[in-house]
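S.K.: The file below is coords-v1.tsv, TSV, C-alpha atoms and all ligand atoms:
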```tsv
chain	number	residue	atom	x	y	z
N	27	MET	CA	58.01	-58.17	-49.13
N	28	SER	CA	57.21	-56.92	-45.61
N	29	THR	CA	56.19	-53.29	-45.08
N	30	GLN	CA	59.42	-52.71	-43.16
N	31	THR	CA	61.55	-53.99	-46.08
N	32	GLU	CA	59.51	-51.90	-48.54
N	33	THR	CA	60.12	-48.80	-46.43
N	34	ALA	CA	63.86	-49.54	-46.27
N	35	ALA	CA	63.99	-50.03	-50.08
N	36	GLY	CA	62.10	-46.75	-50.60
N	37	ALA	CA	64.48	-44.89	-48.28
N	38	ALA	CA	67.54	-46.32	-50.11
N	39	ARG	CA	66.02	-45.22	-53.44
N	40	LYS	CA	65.55	-41.73	-52.06
N	41	ARG	CA	69.21	-41.56	-50.95
N	42	ARG	CA	70.78	-42.53	-54.26
N	43	PRO	CA	70.65	-40.28	-57.35
N	44	LEU	CA	68.10	-41.23	-59.99
N	45	THR	CA	69.42	-43.34	-62.84
N	46	ALA	CA	69.19	-41.90	-66.35
N	47	ALA	CA	66.26	-44.22	-67.12
N	48	GLU	CA	64.40	-43.10	-63.98
N	49	LYS	CA	65.10	-39.46	-64.71
N	50	HIS	CA	64.25	-39.38	-68.41
N	51	GLY	CA	62.00	-42.44	-68.78
N	52	VAL	CA	62.20	-45.35	-71.22
N	53	LEU	CA	60.56	-45.36	-74.66
N	54	ALA	CA	59.12	-48.16	-76.79
N	55	MET	CA	61.32	-49.54	-79.58
N	56	PRO	CA	60.09	-48.03	-82.89
N	57	PRO	CA	59.41	-50.18	-85.99
N	58	LEU	CA	62.62	-50.47	-87.99
N	59	ASP	CA	61.11	-50.85	-91.47
N	60	TYR	CA	62.57	-49.17	-94.53
N	61	THR	CA	59.42	-47.23	-95.41
N	62	LYS	CA	58.99	-44.58	-98.11
N	63	GLU	CA	59.11	-41.93	-95.38
N	64	VAL	CA	62.41	-43.31	-94.04
N	65	ALA	CA	63.86	-43.47	-97.57
N	66	ARG	CA	62.80	-39.87	-98.30
N	67	GLN	CA	64.04	-38.44	-95.00
N	68	THR	CA	67.45	-40.15	-95.22
N	69	ALA	CA	68.17	-39.71	-98.96
N	70	ALA	CA	70.37	-36.62	-98.52
N	71	LEU	CA	72.32	-38.29	-95.71
N	72	TYR	CA	72.97	-41.32	-97.90
N	73	GLU	CA	74.71	-39.09	-100.41
N	74	LYS	CA	77.35	-38.34	-97.76
N	75	VAL	CA	78.20	-42.01	-97.24
N	76	ALA	CA	77.50	-43.43	-100.71
N	77	HIS	CA	81.28	-43.78	-101.27
N	78	HIS	CA	81.38	-46.15	-98.31
N	79	ILE	CA	78.00	-47.94	-98.09
N	80	PRO	CA	76.63	-49.79	-101.15
N	81	ALA	CA	73.02	-48.81	-102.04
N	82	ILE	CA	71.86	-52.37	-101.35
N	83	GLU	CA	72.94	-51.99	-97.69
N	84	TRP	CA	71.32	-48.62	-97.05
N	85	PRO	CA	67.84	-50.02	-96.16
N	86	VAL	CA	69.50	-51.75	-93.19
N	87	HIS	CA	71.09	-48.54	-91.84
N	88	ALA	CA	68.44	-45.99	-92.85
N	89	PRO	CA	65.72	-46.88	-90.26
N	90	TYR	CA	68.29	-46.51	-87.46
N	91	VAL	CA	69.50	-43.20	-88.87
N	92	TYR	CA	65.91	-41.97	-89.18
N	93	TRP	CA	64.88	-42.95	-85.63
N	94	ILE	CA	68.11	-41.81	-83.98
N	95	ASN	CA	67.73	-38.36	-85.53
N	96	ARG	CA	64.08	-38.20	-84.56
N	97	LEU	CA	64.50	-39.45	-80.99
N	98	LYS	CA	67.53	-37.32	-80.20
N	99	LYS	CA	65.36	-34.24	-80.88
N	100	GLU	CA	62.46	-35.60	-78.83
N	101	ARG	CA	64.82	-36.48	-75.97
N	102	GLY	CA	66.77	-33.21	-76.08
N	103	ALA	CA	69.99	-35.13	-76.70
N	104	VAL	CA	73.16	-34.25	-78.58
N	105	ILE	CA	75.42	-36.81	-80.25
N	106	LEU	CA	79.19	-36.26	-80.10
N	107	ALA	CA	81.27	-38.43	-82.45
N	108	HIS	CA	85.01	-38.92	-82.61
N	109	ASN	CA	86.73	-38.84	-86.00
N	110	TYR	CA	87.27	-42.62	-85.75
N	111	GLN	CA	83.56	-43.45	-85.76
N	112	THR	CA	82.17	-45.22	-88.80
N	113	PRO	CA	80.93	-42.97	-91.66
N	114	GLU	CA	77.23	-43.76	-91.04
N	115	ILE	CA	77.60	-42.50	-87.45
N	116	PHE	CA	79.99	-39.66	-88.28
N	117	HIS	CA	78.04	-38.23	-91.22
N	118	CYS	CA	74.45	-39.32	-90.59
N	119	VAL	CA	73.64	-38.96	-86.87
N	120	ALA	CA	76.44	-36.94	-85.19
N	121	ASP	CA	75.78	-33.31	-84.22
N	122	ILE	CA	79.36	-32.54	-83.21
N	123	ARG	CA	82.42	-34.26	-84.67
N	124	GLY	CA	86.09	-33.94	-83.88
N	125	ASP	CA	89.15	-35.14	-82.04
N	126	SER	CA	89.23	-35.59	-78.29
N	127	LEU	CA	90.17	-31.94	-77.59
N	128	GLN	CA	87.38	-30.59	-79.79
N	129	LEU	CA	84.85	-32.95	-78.23
N	130	ALA	CA	86.01	-32.01	-74.71
N	131	ARG	CA	85.59	-28.32	-75.52
N	132	GLU	CA	82.26	-28.72	-77.30
N	133	ALA	CA	80.93	-30.80	-74.42
N	134	THR	CA	81.10	-27.67	-72.24
N	135	LEU	CA	79.09	-25.59	-74.72
N	136	VAL	CA	76.07	-27.77	-75.45
N	137	ASP	CA	72.65	-26.83	-74.05
N	138	GLU	CA	71.15	-30.31	-74.30
N	139	GLU	CA	70.55	-32.25	-71.07
N	140	ILE	CA	71.65	-35.57	-72.53
N	141	ILE	CA	75.01	-36.24	-74.22
N	142	VAL	CA	75.45	-39.45	-76.21
N	143	GLN	CA	79.18	-39.98	-76.66
N	144	CYS	CA	80.13	-41.99	-79.72
N	145	GLY	CA	83.73	-42.72	-78.93
N	146	VAL	CA	85.52	-44.61	-76.19
N	147	HIS	CA	84.96	-44.61	-72.45
N	148	PHE	CA	87.58	-42.04	-71.43
N	149	MET	CA	85.97	-39.53	-73.81
N	150	ALA	CA	82.56	-40.06	-72.24
N	151	GLU	CA	84.13	-39.69	-68.80
N	152	THR	CA	85.70	-36.39	-69.90
N	153	SER	CA	82.29	-35.14	-71.05
N	154	LYS	CA	80.82	-36.15	-67.70
N	155	LEU	CA	83.62	-34.39	-65.80
N	156	LEU	CA	82.91	-31.18	-67.67
N	157	ASN	CA	79.13	-31.58	-67.40
N	158	PRO	CA	78.52	-33.10	-63.96
N	159	ASP	CA	74.81	-32.25	-63.94
N	160	LYS	CA	74.07	-33.69	-67.37
N	161	THR	CA	73.27	-37.24	-68.34
N	162	VAL	CA	76.17	-38.69	-70.34
N	163	LEU	CA	75.58	-41.97	-72.16
N	164	ILE	CA	77.96	-44.24	-74.04
N	165	PRO	CA	76.29	-46.81	-76.33
N	166	ASP	CA	78.67	-49.59	-75.23
N	167	LEU	CA	80.44	-49.49	-71.86
N	168	ARG	CA	83.08	-51.92	-73.14
N	169	ALA	CA	84.46	-49.32	-75.59
N	170	GLY	CA	87.85	-48.99	-73.90
N	171	CYS	CA	91.34	-48.01	-75.06
N	172	SER	CA	94.71	-49.77	-74.83
N	173	LEU	CA	96.38	-46.53	-73.77
N	174	ALA	CA	93.84	-45.72	-71.06
N	175	GLU	CA	94.11	-49.25	-69.72
N	176	SER	CA	97.93	-49.15	-69.53
N	177	ILE	CA	98.01	-47.08	-66.34
N	178	THR	CA	96.08	-46.67	-63.07
N	179	GLY	CA	95.75	-43.91	-60.47
N	180	ALA	CA	97.98	-45.96	-58.13
N	181	ASP	CA	100.71	-46.02	-60.83
N	182	VAL	CA	100.60	-42.21	-61.07
N	183	ARG	CA	100.86	-41.86	-57.29
N	184	LEU	CA	103.98	-44.07	-57.38
N	185	LEU	CA	105.47	-41.91	-60.15
N	186	ARG	CA	104.86	-38.80	-58.06
N	187	GLU	CA	106.65	-40.40	-55.12
N	188	ARG	CA	109.54	-41.43	-57.34
N	189	TYR	CA	109.88	-38.05	-59.09
N	190	PRO	CA	108.95	-35.47	-56.43
N	191	GLY	CA	108.35	-31.99	-57.83
N	192	VAL	CA	108.22	-33.14	-61.48
N	193	PRO	CA	104.98	-31.96	-63.13
N	194	ILE	CA	102.75	-34.74	-64.42
N	195	VAL	CA	101.03	-34.19	-67.76
N	196	THR	CA	98.47	-36.82	-68.61
N	197	TYR	CA	97.25	-37.50	-72.12
N	198	VAL	CA	93.43	-37.27	-72.30
N	199	ASN	CA	93.34	-40.94	-73.31
N	200	THR	CA	93.22	-41.95	-69.63
N	201	SER	CA	90.62	-42.75	-66.99
N	202	ALA	CA	89.21	-40.07	-64.66
N	203	GLU	CA	91.13	-41.75	-61.83
N	204	VAL	CA	94.44	-41.17	-63.66
N	205	LYS	CA	93.52	-37.61	-64.61
N	206	ALA	CA	92.70	-36.93	-60.96
N	207	GLU	CA	96.30	-37.75	-59.98
N	208	SER	CA	97.87	-35.49	-62.60
N	209	ASP	CA	98.61	-31.75	-62.79
N	210	ILE	CA	97.14	-31.12	-66.22
N	211	CYS	CA	95.88	-33.02	-69.26
N	212	CYS	CA	96.99	-32.70	-72.88
N	213	THR	CA	95.91	-33.97	-76.28
N	214	SER	CA	98.02	-34.88	-79.30
N	215	SER	CA	97.42	-31.40	-80.72
N	216	ASN	CA	98.58	-29.38	-77.69
N	217	ALA	CA	101.06	-31.71	-75.93
N	218	VAL	CA	104.19	-29.66	-76.80
N	219	ARG	CA	102.66	-26.42	-75.59
N	220	VAL	CA	101.29	-27.98	-72.41
N	221	VAL	CA	104.72	-29.44	-71.58
N	222	GLU	CA	106.36	-26.06	-72.23
N	223	SER	CA	103.89	-24.25	-69.97
N	224	PHE	CA	105.85	-25.55	-66.94
N	225	ASP	CA	109.03	-23.91	-65.58
N	226	SER	CA	110.47	-27.29	-64.65
N	227	ASP	CA	113.28	-28.70	-66.87
N	228	THR	CA	111.79	-32.19	-66.55
N	229	VAL	CA	108.19	-33.18	-67.20
N	230	LEU	CA	106.44	-36.54	-66.93
N	231	LEU	CA	104.26	-37.05	-70.02
N	232	ILE	CA	102.21	-40.23	-69.59
N	233	PRO	CA	101.06	-42.82	-70.58
N	234	ASP	CA	101.82	-42.83	-74.35
N	235	GLU	CA	105.51	-43.64	-74.81
N	236	PHE	CA	105.52	-42.75	-78.53
N	237	LEU	CA	103.67	-39.45	-78.11
N	238	ALA	CA	106.17	-38.57	-75.37
N	239	GLN	CA	109.14	-39.47	-77.58
N	240	ASN	CA	107.70	-37.44	-80.46
N	241	VAL	CA	107.11	-34.46	-78.16
N	242	ALA	CA	110.65	-34.79	-76.75
N	243	ARG	CA	112.01	-34.09	-80.26
N	244	GLN	CA	110.18	-30.73	-80.29
N	245	THR	CA	111.14	-29.35	-76.87
N	246	SER	CA	114.31	-28.77	-74.86
N	247	LYS	CA	112.67	-30.22	-71.76
N	248	LYS	CA	113.59	-33.67	-70.50
N	249	ILE	CA	110.52	-35.88	-70.96
N	250	LEU	CA	109.94	-38.91	-68.76
N	251	THR	CA	107.24	-41.31	-69.82
N	252	TRP	CA	105.38	-44.61	-69.39
N	253	LYS	CA	105.16	-47.74	-71.55
N	254	GLY	CA	101.59	-47.27	-72.82
N	255	HIS	CA	100.83	-47.60	-76.55
N	256	CYS	CA	97.86	-47.15	-78.83
N	257	GLU	CA	97.26	-50.59	-80.32
N	258	VAL	CA	96.17	-48.99	-83.62
N	259	HIS	CA	99.09	-46.62	-84.23
N	260	GLU	CA	101.88	-48.78	-82.79
N	261	ARG	CA	101.36	-51.29	-85.62
N	262	PHE	CA	102.51	-48.96	-88.41
N	263	THR	CA	106.14	-49.45	-89.40
N	264	ALA	CA	108.74	-47.28	-91.12
N	265	GLU	CA	109.40	-50.12	-93.60
N	266	GLU	CA	105.84	-50.17	-94.92
N	267	LEU	CA	105.78	-46.37	-95.35
N	268	LEU	CA	109.13	-46.38	-97.16
N	269	ALA	CA	107.79	-49.04	-99.53
N	270	TYR	CA	104.79	-46.80	-100.35
N	271	ARG	CA	107.09	-43.83	-100.92
N	272	GLU	CA	109.42	-45.81	-103.16
N	273	ALA	CA	106.44	-46.84	-105.29
N	274	ASP	CA	105.18	-43.22	-105.50
N	275	PRO	CA	107.81	-40.55	-104.67
N	276	GLY	CA	105.18	-37.75	-104.92
N	277	LEU	CA	103.13	-39.23	-102.09
N	278	GLN	CA	102.55	-37.04	-99.02
N	279	ILE	CA	102.49	-38.96	-95.77
N	280	ILE	CA	100.52	-37.75	-92.75
N	281	ALA	CA	100.76	-39.58	-89.43
N	282	HIS	CA	99.31	-39.40	-85.93
N	283	PRO	CA	101.83	-38.67	-83.11
N	284	GLU	CA	100.84	-41.91	-81.36
N	285	CYS	CA	102.85	-43.70	-84.10
N	286	PRO	CA	106.40	-44.87	-83.34
N	287	PRO	CA	109.05	-42.11	-83.76
N	288	ASP	CA	110.65	-43.75	-86.85
N	289	VAL	CA	107.23	-43.60	-88.58
N	290	VAL	CA	106.72	-39.97	-87.57
N	291	LYS	CA	110.19	-39.04	-88.88
N	292	ILE	CA	109.22	-40.21	-92.37
N	293	ALA	CA	105.91	-38.31	-92.38
N	294	ASP	CA	105.51	-34.93	-94.12
N	295	TYR	CA	103.03	-33.89	-91.46
N	296	THR	CA	102.26	-35.17	-87.96
N	297	GLY	CA	99.27	-33.99	-85.96
N	298	SER	CA	95.99	-34.76	-84.25
N	299	THR	CA	93.11	-36.10	-86.31
N	300	SER	CA	91.78	-32.54	-86.73
N	301	GLY	CA	95.21	-31.36	-87.82
N	302	MET	CA	95.33	-34.18	-90.37
N	303	ILE	CA	91.94	-33.18	-91.75
N	304	GLU	CA	93.11	-29.57	-92.06
N	305	PHE	CA	96.32	-30.65	-93.79
N	306	ALA	CA	94.35	-32.77	-96.28
N	307	ARG	CA	91.89	-29.92	-96.96
N	308	ARG	CA	94.74	-27.64	-97.98
N	309	ARG	CA	96.08	-30.06	-100.62
N	310	GLN	CA	95.54	-29.36	-104.30
N	311	PRO	CA	93.09	-31.59	-106.20
N	312	GLY	CA	94.95	-34.57	-107.56
N	313	ALA	CA	97.35	-34.74	-104.59
N	314	ARG	CA	98.06	-38.21	-103.25
N	315	VAL	CA	98.03	-38.52	-99.47
N	316	LEU	CA	98.90	-41.56	-97.38
N	317	LEU	CA	96.95	-41.56	-94.10
N	318	VAL	CA	98.73	-43.30	-91.25
N	319	THR	CA	95.88	-43.65	-88.78
N	320	GLU	CA	92.63	-45.44	-87.99
N	321	CYS	CA	90.48	-46.82	-90.86
N	322	SER	CA	87.30	-44.79	-90.35
N	323	MET	CA	89.23	-41.55	-90.11
N	324	ALA	CA	90.51	-42.34	-93.58
N	325	SER	CA	86.94	-42.89	-94.86
N	326	ASN	CA	85.54	-39.78	-93.11
N	327	ILE	CA	88.27	-37.45	-94.35
N	328	GLU	CA	87.40	-38.16	-97.99
N	329	GLN	CA	84.33	-35.96	-97.63
N	330	GLU	CA	86.44	-33.11	-96.29
N	331	ALA	CA	89.06	-32.99	-99.03
N	332	LYS	CA	87.37	-33.63	-102.35
N	333	GLY	CA	89.72	-34.23	-105.25
N	334	VAL	CA	92.52	-35.58	-103.06
N	335	ARG	CA	93.36	-39.24	-103.55
N	336	PHE	CA	93.84	-41.04	-100.25
N	337	ILE	CA	95.90	-44.16	-99.75
N	338	LYS	CA	94.90	-45.95	-96.58
N	339	PRO	CA	97.15	-48.56	-95.00
N	340	CYS	CA	94.71	-48.35	-92.12
N	341	ASN	CA	94.43	-50.26	-88.86
N	342	LEU	CA	91.08	-50.65	-87.14
N	343	CYS	CA	90.37	-49.58	-83.54
N	344	PRO	CA	88.25	-52.43	-82.12
N	345	HIS	CA	87.12	-50.22	-79.22
N	346	MET	CA	85.75	-47.43	-81.40
N	347	LYS	CA	83.98	-50.04	-83.51
N	348	ARG	CA	81.93	-51.24	-80.55
N	349	ILE	CA	79.74	-48.19	-81.14
N	350	THR	CA	77.09	-48.96	-83.75
N	351	LEU	CA	73.80	-47.44	-84.93
N	352	PRO	CA	71.64	-50.08	-83.13
N	353	LYS	CA	73.47	-49.40	-79.86
N	354	ILE	CA	73.03	-45.63	-80.25
N	355	LEU	CA	69.31	-46.16	-80.77
N	356	ASP	CA	69.22	-48.35	-77.64
N	357	SER	CA	70.95	-45.54	-75.73
N	358	LEU	CA	68.25	-43.07	-76.71
N	359	ILE	CA	65.40	-45.47	-75.94
N	360	TYR	CA	66.63	-47.06	-72.71
N	361	MET	CA	68.93	-44.20	-71.52
N	362	ARG	CA	71.96	-46.48	-71.30
N	363	GLU	CA	74.85	-46.91	-70.63
N	364	GLU	CA	75.10	-44.10	-68.14
N	365	VAL	CA	78.59	-42.79	-67.37
N	366	VAL	CA	79.08	-42.23	-63.65
N	367	VAL	CA	82.24	-40.85	-62.03
N	368	ASP	CA	82.85	-40.80	-58.28
N	369	PRO	CA	82.32	-37.11	-57.31
N	370	ALA	CA	85.58	-36.97	-55.30
N	371	VAL	CA	87.60	-38.28	-58.26
N	372	ALA	CA	85.61	-36.13	-60.70
N	373	GLU	CA	86.43	-32.92	-58.86
N	374	ARG	CA	90.19	-33.48	-59.12
N	375	ALA	CA	90.09	-34.88	-62.66
N	376	ARG	CA	87.98	-31.92	-63.80
N	377	ARG	CA	90.63	-29.51	-62.56
N	378	ALA	CA	93.28	-31.24	-64.72
N	379	VAL	CA	91.04	-31.11	-67.82
N	380	GLU	CA	89.97	-27.51	-67.19
N	381	ARG	CA	93.60	-26.40	-66.79
N	382	MET	CA	94.22	-27.76	-70.28
N	383	VAL	CA	91.06	-26.24	-71.78
N	384	ASN	CA	91.87	-22.86	-70.18
N	385	LEU	CA	95.52	-22.90	-71.22
N	386	LYS	CA	94.53	-21.59	-74.69
N	387	THR	CA	97.15	-23.77	-76.31
N	388	ASN	CA	95.36	-23.91	-79.65
N	401	LIG	S1	92.70	-45.53	-81.61
N	401	LIG	FE1	94.22	-46.06	-80.05
N	401	LIG	S2	94.16	-44.35	-78.59
N	401	LIG	FE2	92.28	-44.22	-79.84
N	401	LIG	S3	90.76	-45.39	-78.65
N	401	LIG	FE3	91.67	-46.85	-80.10
N	401	LIG	S4	93.31	-47.78	-78.92
N	401	LIG	FE4	92.77	-45.94	-77.80
```
What does this structure look like when you write it as structure tokens?
Ligand code: SF4

M.R.:
Amino acid sequence: MSTQTETAAGAARKRRPLTAAEKHGVLAMPPLDYTKEVARQTAALYEKVAHHIPAIEWPVHAPYVYWINRLKKERGAVILAHNYQTPEIFHCVADIRGDSLQLAREATLVDEEIIVQCGVHFMAETSKLLNPDKTVLIPDLRAGCSLAESITGADVRLLRERYPGVPIVTYVNTSAEVKAESDICCTSSNAVRVVESFDSDTVLLIPDEFLAQNVARQTSKKILTWKGHCEVHERFTAEELLAYREADPGLQIIAHPECPPDVVKIADYTGSTSGMIEFARRRQPGARVLLVTECSMASNIEQEAKGVRFIKPCNLCPHMKRITLPKILDSLIYMREEVVVDPAVAERARRAVERMVNLKTN
């Protein structure tokens, strides 16, 4: 390379922000043996997932658990995990667990410089929006979401043209670009209250058609929506739930509001994943509860409501399952995959998220 080219490359490097790897450095991969030290240090954590992971499999997971917990301290990193993460992530390496609203709020309170988001891409983007100066990593950039991918910023601009003056409420399961075009965000737990915070008689609630239909039943406002669906919750049917209930009339059914309205109508309780956990916690020992949501949520909740018997006709979210212990360890070692949001988009998207967080709807 000529000196002139070297100088140009150096100048370009100076102009662009440092990557996470340049900023925090890269570490060597540790040995992943199941040593006596690893077994001793992870024994208490295994107790939390013994209902889910057979003892014979633990030596495969334990070295990752051990090194992730060690390196996150050395790196000054915090691990946020959504309720749909697998039990070994949720119980053994996560520092903060919750639904998307809880994770969005907690992301603003952490002191650590590095956030590792165990969830899907829009969640990591939300953490980045709320923490623009921090390094936000997602262990697999391909962890997407059928809802988030159902709509673009250009679609929202067209909706605004078509419905001038109608407030646009965007579910948090959307890209930063979509959030940037909306007036405010909402989650499944605060959607009704966010919609009702507007004076307008009509509100656009996008992109989840079923969430919008379920919200429409709880408000006098006219709700306009979009055709997006969660590929996990749209698969549950009223027929299968009625068959469970016929077999066991004492069964209590709890469902996520991303399910179709005829499923939600049958449920005894509908709410966000945190709301479902709270509902299950308040049941008496011996109660039988049918969980109409993602598979790992059903496994994780068992720890929260001991004595309750859970029936799980679960569907798996393939996007959430892209996050694994080996990929989390890679994130901490190589500082990847870094979540970057265009600053101009981030500024406008942040306003929509902050309006929701500041609305005190919960
Ligand atoms: S469970 Fe549904 S809404 Fe959540 S990430 Fe998966 S596809 Fe998206």

S.K.: Counting only C-alpha atoms, what is within 9 Å of region 169-183 of chain N, bar same-chain residues fewer than 6 positions away, as a PyMOL selection string?

M.R.: chain N and resi 145-148+194+197-208+232-234+252-258+343-349

S.K.: Pick from N:Leu71, N:Val229, N:Val64, N:Gly312: nearest to Ile115 (chain N), with only C-alpha atoms counted?

M.R.: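 Using only C-alpha atoms, Ile115 (chain N) sits closest to N:Leu71.
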
S.K.: Name the closest residue to Leu385 (chain N) among the candidates N:Gly301, N:Thr251, N:Ala269, N:Asn216; distances are taken between atoms, counting all atoms listed in the file.

M.R.: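 Between N:Gly301, N:Thr251, N:Ala269, N:Asn216, the residue approaching Leu385 (chain N) most closely is N:Asn216.
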
S.K.: I'd like the neighbourhood of Ala324 (chain N) as a PyMOL selection string, where a residue qualifies if any of its atoms comes within 12 Å (using all atoms listed in the file), though same-chain residues fewer than 4 positions away should be ignored.

M.R.: chain N and resi 78+109-113+280-281+299+302-303+306+315-320+328-331+334-342

S.K.: At a cut-off of 10 Å, using all atoms listed in the file, what residues contact region 218-224 of chain N? Leave out same-chain residues fewer than 5 positions from it and give the result as a ChimeraX atom specification.

M.R.: /N:192-195,210-213,229-231,237-238,240-249,381-382,385-388

S.K.: Please compute the CA of Tyr60 (chain N)-CA of Leu358 (chain N) distance, one decimal, in Å.

M.R.: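 So the two atoms, CA of Tyr60 (chain N) and CA of Leu358 (chain N), lie 19.7 Å apart.
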
S.K.: What's the separation between CA of Pro275 (chain N) and CA of Ala313 (chain N), in Å to one decimal place?

M.R.: 12.0 Å

S.K.: Pick out the residues sitting within 9 Å of Val290 (chain N), and hand them over as a list in words; count only C-alpha atoms, and ignore anything fewer than 5 positions along from it in its own chain.

M.R.: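 My reading of the contact set: Asn240, Ala264, Ile280, Ala281, His282, Pro283, Glu284, Cys285, Tyr295 and Thr296 of chain N.
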
S.K.: Selected residues, C-alpha atoms, written as a compact mmCIF listing (two decimals), in the coordinates of the input, please.

M.R.:
```txt
# COMPACT_ATOMS: atom_id res chain seq x y z
CA ASN N 240 107.70 -37.44 -80.46
CA ALA N 264 108.74 -47.28 -91.12
CA ILE N 280 100.52 -37.75 -92.75
CA ALA N 281 100.76 -39.58 -89.43
CA HIS N 282 99.31 -39.40 -85.93
CA PRO N 283 101.83 -38.67 -83.11
CA GLU N 284 100.84 -41.91 -81.36
CA CYS N 285 102.85 -43.70 -84.10
CA TYR N 295 103.03 -33.89 -91.46
CA THR N 296 102.26 -35.17 -87.96
```

S.K.: What is the distance between CA of Pro89 (chain N) and CA of Thr68 (chain N), in Å to one decimal?

M.R.: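 Separation of CA of Pro89 (chain N) and CA of Thr68 (chain N): 8.5 Å.
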
S.K.: Mind working out the centre and edge lengths of an axis-aligned box for ligand LIG 401 (chain N), all listed atoms inside, 5 Å added to each side, rounded to one decimal in Å and written as JSON?

M.R.:
```
{"center_x": 92.5, "center_y": -46.0, "center_z": -79.7, "size_x": 13.5, "size_y": 13.6, "size_z": 13.8}
```

S.K.: Measuring atom to atom with only C-alpha atoms and all ligand atoms, identify which of N:Arg168, N:Arg123, N:His87, N:Lys160 is nearest to ligand LIG 401 (chain N).

M.R.: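 Of all the options, N:Arg168 lies closest to ligand LIG 401 (chain N).
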